[in-house]
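One structure is given below, encoded as structure tokens.
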Amino acid sequence: MNLTLRVWRQAGPSEPGRFETYEAKGVSEDSSFLEMLDLVNEGLIARGDEPIEFMHDCREGICGTCGMMINGQAHGPKELTTTCQLHMRTFSDGDEIVIEPWRAAGFPVLKDLVVDRSAFDRIVQAGGYVSVETGSAQDANLIPIPKADADLAMDAAACIGCGACVAACPNGAAQLFTSAKLAHLNLLPQGQPERSRRTLAMVEVMEERFGSCTNYGECEAACPKGISIDFIAMMNRDHRRALVSGRRSA
Amino acid sequence: MTVLDAKIPAGPLEQKWDEHRFAMKLVSPANKRKFSIIVVGTGLAGASAAATLGELGYRVKAFTFHDSARRAHSIAAQGGINAAKNYHGDGDSVYRLFYDTVKGGDFRSREANVYRLAQVSNNIIDQCVAQGVPFAREYGGLLDNRSFGGAQVSRTFYARGQTGQQLLLGAYQALSRQVKERTVELHTNQEMLDVVVVDGRAVGIVTRDLRTGQVASHAADAVVLATGGYSNAFYLSTNAMACNVTAAWRAHRRGAMFANPCFTQIHPTAIPASDEFQSKLTLMSESLRNDGRIWVPTDADEARSVGDIPEDGRDYFLERRYPAFGNLAPRDISSRAAKERVDAGFGVGPLKNGVYLDFSEAIGRLGRDAIAEKYGNLFDMYERITGEDPYRTPMRIYPAPHYTMGGLWVDYELQTTVPGLFAIGEANFSDHGANRLGASALMQGLADGYFVLPATIGNYLAPMLGKPKVDTTASEFAQVERDVEARVQRFLASRGTRSVDWFHRELGRIVWDHCGMSRTKEGLEKALSEIPALRAEFEADVRVPGSGDTINSSLEKAGRVEDFFELAELMCRDALVREESCGGHFREEHQTADGEALRDDENFAHVTAWEWSGDSAAPVEHREQLEYEYVQLATRSYK
């Protein structure tokens with residue numbers, strides 16, 4: 001199949017960006033979206049031009065490195081699918097495809113389709129862990145956890161940290177990401193001692209770095225792992241409770 | 001040739017680790033902050049080591065070339081992690097896990113290391129649960145287990161099909177906590193491009209910032225490499241795109257010996273390549289072989305569509321050749337059997353490069369819902385990639401490079417042949433012999449990172465207390481920085497016609513054809529003449545566009561591919577001198593009358609460790625003899 005791509009090119013963080021048009025010819029419908037870009041890049045390198053820089057690594061939908069806006073949608077048109085797992089059979093011969101980097105103030109563009117997502121790490125560093133030193137743990141089966149609780153924690157823990165939720169949000173808010181990490185730990189008995197402190201600290205960094213949530217729900221729709229916005233409600237509840245109890249020092 | 005000493009502690013197997021831990025010198029809590037340690041790589045091994053060393057009070061600098069410490073390819077492990085908990089009372093024990101691992105490795109691993117691995121496996125599960133890793137549970141609230149290949153007990157802990165992800169997030173969280181506590185300085189987007197050795201000791205590294213191109217020196221009292229495996233030497237593998245051998249290879253060039261490079265694991269069930277521009281292969285979990293039947297048509301020219309081929313037109317070749325284990329034969333054996341059929345012209349699919357993995361019998365017997373519950377996410381992933389519905393038509397699968405058992409040679413304390421330089425996780429060679437069992441890679445990465453290295457590194461550091469330290473003003477750092485800069489400039493000055501990826505694909509083809517699932521003297525010698533020829537073409541004709549002061553993926557790849565060229569030669573050389581078949585290493589000259597691997601314990605019960613001796617000289621072979629005091633060497637049979 002043959003496609004026309006309109007791709008955001010930007011030489012550096014403080015350089016102006018612009019759309020460039022490329023023809024992608026002879027694309028196999030069995031190739032992935034990123035393999036289609038590989039093919040375009042081979043052509044650019046052959047001409048002596050600089051290839052389009054984009055983020056990617058595992059190419060099996062789990063590392064969370066890849067992500068771009070494809071025709072205005074984070075990770076493109078197929079639901080529950082990361083960019084690397086999107087295959088060209090989703091498109092039709094002759095299509096024009098607009099490709100942009102994640103659009104969010106919290107994720108500054110570094111080059112072409114590459115953005116800086118380090119703000120996510122800052123949120124986790126604020127308290128997204130259980131404080132347990134290596135070697136101090138008791139036998140694993142001494143903490144029985146109801147299957148339903150463990151399953152729900154796992155639903156939240158499935159987040160791959162790609163940033164699609166932020167990119168899809170009209171406000172550039174990071175509530176879905178933050179609440180998923182909080183729910184993963186706050187739902188488990190191991191996470192209880194630091195629950196309030198963790199919630200306050202992570203929400204504080206989130207609010208410093210990202211926009212505010214006004215319940216559009218675009219994040220859930222864009223999430224390739226199907227993380228539910230119910231976790232945002234849970235985060236808000238925990239946050240109010242923590243503010244009231246004032247257990248910052250717990 | 002010298003004989004390497006692994007410094008295995010004396011005493012009974014069960015007590016070696018405990019006694020050695022007592023015998024090792026300690027660094028007191030107050031003195032730990034006087035020592036700095038560099039950890040390169042933030043996968044399971046690196047993140048767990050950096051976090052634990054930080055907790056102990058060392059000053060740690062952790063480096064990753066990813067944008068975050070949560071991206072390493074450990075994250076893609078699906079199946080699970082082994083431990084000898086015996087929670088199900090089915091007869092498991094530390095000794096049984098040890099025995100299964102040594103046998104699964106086809107008797108080419110080190111007994112003392114494997115026993116220690118089995119011992120600490122239980123601590124890993126405890127630690128991970130305490131961190132909040134959401135392992136699968138039974139309704140009673142206790143941990144669930146499942147079975148994996150090469151074991152007759154249920155000892156595999158798992159978190160849906162995302163065990164690697166959850167374990168890595170656990171280690172990443174522990175690391176994040178130490179970053180907040182300021183015991184760990186985390187450097188993202190930094191690629192290690194060389195080790196600095198002063199007076200025979202590793203004293204630091206030189207890195208390049210992948211965003212700005214800045215080359216920088218970092219000094220420390222010890223350097224730990226946790227930089228993964230080298231399956232991408234094959235170009236197409238199940239590894240992530242950025243996985244590479246550069247850190248380990250640069251260490252090798254600075255004196256660290258490289259052990260058993262020909263021991264590579266080819267996993268039997270990956271989705272076959274669909275065209276020339278395919279960039280990687282995707283694994284389909286080993287668990288599918290519990291219910292899927294593997295077959296090819298009996299007629300190489302079969303023209304009917306798959307559903308119309310009657311039973312007598314199907315060759316269930318694993319069930320035919322290995323009636324006792326059938327479709328659950330071990331990875332190395334299943335892979336070779338599929339290759340044999342495809343090479344003989346019986347392959348299926350448009351490129352005739354796969355075999356069927358057929359669930360129709362299981363769907364008929366158990367119902368579609370039961371199959372969907374067990375494997376639904378894998379079926380969805382298969383459909384996303386191929387556009388075919390495995391509920392209606394059989395999956396097509398083919399073996400793919402997946403894991404490398406070989407790596408930097410380390411002694412019992414995980415120290416390489418360069419004092420002060422340690423290697424952990426897939427980057428070292430020590431625990432899996434010639435074949436790794438499923439669910440053991442996660443176990444080894446975390447064993448090394450959480451429990452082994454943090455204990456043994458003190459034994460190296462303790463005697464250095466109060467001694468003068470080397471810092472980055474040493475002339476060796478400046479020299480290595482100049483070497484690194486010169487290499488970058490050499491690539492940027494290239495004015496060839498072909499992309500780095502083109503050369504990587506061509507290299508991968510040679511390595512796969514001649515040093516893949518099956519090897520011959522003739523083929524390996526052919527590869528050893530083709531690789532240098534392609535390398536020369538690479539030096540003359542590669543094109544690296546762009547500049548060195550911004551993100552430049554072509555430039556990043558150029559150095560990695562150049563190192564793969566050198567490694568690929570060593571893989572072939574190693575495969576050539578190992579005149580036997582064992583585990584993932586199959587030499588066609590050494591097989592039984594019915595085509596099974598033929599080991600030679602008399603002459604090859606050893607580790608081959610290679611010493612770099614310069615660009616123009618052949619590497620020097622050294623050996624570590626493997627002593628089996630507890631396990632009886634035996635021929636593996638799955639018939």
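By convention in this document, the chains of the structure tokens carry letters A, B, ... by their order, each chain's residues are numbered from 1, and ligands are numbered from 1 in the order they are shown.
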
Give me, as a PyMOL selection string, the residues of segment 63-247 of chain A that a backbone DSSP run labels alpha helix (DSSP H). chain A and resi 118-125+147-157+164-168+175-186+195-209+218-222+230-245

Show me, as CSV, the residues of chain B having an atom within 7 Å of chain A, each with the closest atom pair and its distance in Å, using only C-alpha atoms.
residue,atom,partner,partner_atom,distance
B:Thr52,CA,A:Thr134,CA,6.1
B:Glu55,CA,A:Glu133,CA,6.6
B:Ser68,CA,A:Ser118,CA,7.0
B:Arg71,CA,A:Cys63,CA,5.1
B:His73,CA,A:Cys58,CA,6.7
B:Ile75,CA,A:Cys63,CA,6.2
B:Ala76,CA,A:Ile62,CA,6.1
B:Ile125,CA,A:Ala140,CA,6.4
B:Asp126,CA,A:Ala140,CA,4.4
B:Gln127,CA,A:Ala137,CA,5.3
B:Val129,CA,A:Ala140,CA,5.9
B:Ala130,CA,A:Ala137,CA,6.0
B:Gln131,CA,A:Val130,CA,5.3
B:Gly132,CA,A:Gln190,CA,6.0
B:Pro134,CA,A:Met154,CA,5.6
B:Arg137,CA,A:Lys147,CA,5.4
B:Glu138,CA,A:Lys147,CA,6.0
B:Tyr139,CA,A:Lys147,CA,5.3
B:Gly140,CA,A:Pro146,CA,6.7
B:Gly141,CA,A:Ile145,CA,4.4
B:Leu142,CA,A:Pro144,CA,5.2
B:Leu143,CA,A:Asn141,CA,6.6
B:Gln173,CA,A:Tyr129,CA,5.0
B:Ala174,CA,A:Tyr129,CA,6.4
B:Ser176,CA,A:Gln125,CA,4.7
B:Arg177,CA,A:Gln125,CA,5.9
B:Val179,CA,A:Gln125,CA,6.9
B:Lys180,CA,A:Gln125,CA,5.8
B:Asn239,CA,A:Cys58,CA,6.9
B:Ala240,CA,A:Cys58,CA,4.0
B:Met241,CA,A:Asp57,CA,5.0
B:Ala242,CA,A:Asp57,CA,6.1
B:Ser274,CA,A:Asp30,CA,6.8
B:Phe277,CA,A:Glu35,CA,6.8
B:Gln278,CA,A:Glu35,CA,6.7
B:Ser279,CA,A:Glu35,CA,6.5
B:Thr282,CA,A:Glu60,CA,6.7
B:Arg384,CA,A:Gln85,CA,6.8
B:Ile385,CA,A:His87,CA,6.7
B:Thr386,CA,A:Asp30,CA,6.6
B:Tyr450,CA,A:Thr134,CA,6.6
B:Thr497,CA,A:Ala46,CA,6.4
B:Arg498,CA,A:Ala46,CA,6.6
B:Ser499,CA,A:Ile45,CA,6.5
B:Pro545,CA,A:Glu50,CA,5.7
B:Gly546,CA,A:Glu50,CA,5.6

Could you pull the residues within 10 Å of segment 612-620 of chain B, counting only C-alpha atoms, minus those fewer than 4 positions along the same chain, as an MDAnalysis selection string? chainID B and resid 1:2 249 251:258 566 570 573

Surrounding residues of Leu598 of chain B excluding itself and chain neighbours under 3 positions, 8 Å, only C-alpha atoms, as number ranges by chain: B: 580-582, 590-592

Separation of atom CA of Ala50 of chain B from atom CA of Asn459 of chain B, in Å and rounded to one decimal: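 Atom CA of Asn459 of chain B lies 17.2 Å from atom CA of Ala50 of chain B.
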
Out of segment 361-552 of chain B, which residues get strand (DSSP E or B) from DSSP, as a list of chain:residue names? B:Met395, B:Arg396, B:Ile397, B:Tyr398, B:Pro399, B:Ala400, B:Pro401, B:His402, B:Tyr403, B:Thr404, B:Gly407, B:Leu408, B:Gln415, B:Leu421, B:Phe422, B:Ala423, B:Asn428, B:Arg498, B:Arg519, B:Val542

Those selected residues, please, written with N, CA and C atoms and delivered as a compact mmCIF listing (two decimals), in the first residue's frame.
# COMPACT_ATOMS: atom_id res chain seq x y z
N MET B 395 -2.35 -21.09 14.75
CA MET B 395 -1.26 -20.12 14.76
C MET B 395 -0.12 -20.66 13.90
N ARG B 396 0.65 -19.72 13.35
CA ARG B 396 1.91 -20.12 12.71
C ARG B 396 3.04 -19.65 13.61
N ILE B 397 3.95 -20.55 13.91
CA ILE B 397 5.06 -20.20 14.80
C ILE B 397 6.38 -20.67 14.21
N TYR B 398 7.45 -20.09 14.71
CA TYR B 398 8.78 -20.53 14.31
C TYR B 398 9.77 -20.10 15.40
N PRO B 399 10.84 -20.87 15.59
CA PRO B 399 11.80 -20.51 16.64
C PRO B 399 12.47 -19.15 16.41
N ALA B 400 12.85 -18.51 17.51
CA ALA B 400 13.49 -17.19 17.44
C ALA B 400 14.51 -17.05 18.56
N PRO B 401 15.64 -16.37 18.27
CA PRO B 401 16.62 -16.08 19.31
C PRO B 401 15.96 -15.31 20.45
N HIS B 402 16.27 -15.71 21.69
CA HIS B 402 15.48 -15.22 22.81
C HIS B 402 16.33 -14.84 24.01
N TYR B 403 17.38 -15.61 24.28
CA TYR B 403 18.15 -15.40 25.51
C TYR B 403 19.56 -15.90 25.26
N THR B 404 20.54 -15.29 25.95
CA THR B 404 21.90 -15.76 25.77
C THR B 404 22.46 -16.23 27.11
N GLY B 407 28.13 -15.04 28.36
CA GLY B 407 28.27 -13.66 28.83
C GLY B 407 29.63 -13.47 29.47
N LEU B 408 29.79 -12.37 30.19
CA LEU B 408 31.08 -12.12 30.82
C LEU B 408 31.36 -13.20 31.87
N GLN B 415 32.46 -11.48 40.15
CA GLN B 415 33.49 -10.55 39.69
C GLN B 415 34.09 -11.09 38.38
N LEU B 421 35.37 -5.05 38.61
CA LEU B 421 34.32 -5.05 37.59
C LEU B 421 33.46 -6.29 37.79
N PHE B 422 32.18 -6.08 38.06
CA PHE B 422 31.26 -7.18 38.33
C PHE B 422 30.22 -7.26 37.21
N ALA B 423 29.68 -8.45 36.98
CA ALA B 423 28.62 -8.60 35.97
C ALA B 423 27.49 -9.43 36.56
N ASN B 428 26.10 -11.85 32.67
CA ASN B 428 27.13 -12.83 33.01
C ASN B 428 26.72 -14.20 32.47
N ARG B 498 24.90 2.97 2.65
CA ARG B 498 23.91 2.09 3.27
C ARG B 498 23.69 2.41 4.74
N ARG B 519 24.67 -26.04 13.82
CA ARG B 519 25.97 -25.52 13.39
C ARG B 519 26.83 -26.63 12.82
N VAL B 542 29.08 2.47 5.29
CA VAL B 542 27.94 2.83 6.13
C VAL B 542 27.69 4.33 6.04

Could you give me, as a PyMOL selection string, the residues within 10 Å of Asp93 of chain A, counting only C-alpha atoms and dropping anything in the same chain fewer than 6 positions from it? chain A and resi 1-4+25-27+29

Using only C-alpha atoms, determine which residues lie at most 12 Å from Ala540 of chain B, disregarding the query and same-chain residues fewer than 6 positions distant; provide the list as a PyMOL selection string. chain B and resi 490-491+493-500+503+533-534

Could you give me, as a ChimeraX atom specification, the residues within 6 Å of segment 169-173 of chain A, counting only C-alpha atoms and dropping anything in the same chain fewer than 6 positions from it? /A:104,210-213,218-219

Tell me which of B:Tyr630, B:Tyr460, B:Tyr58, B:Phe451 sits closest to Asn31 of chain B, counting only C-alpha atoms. B:Tyr58
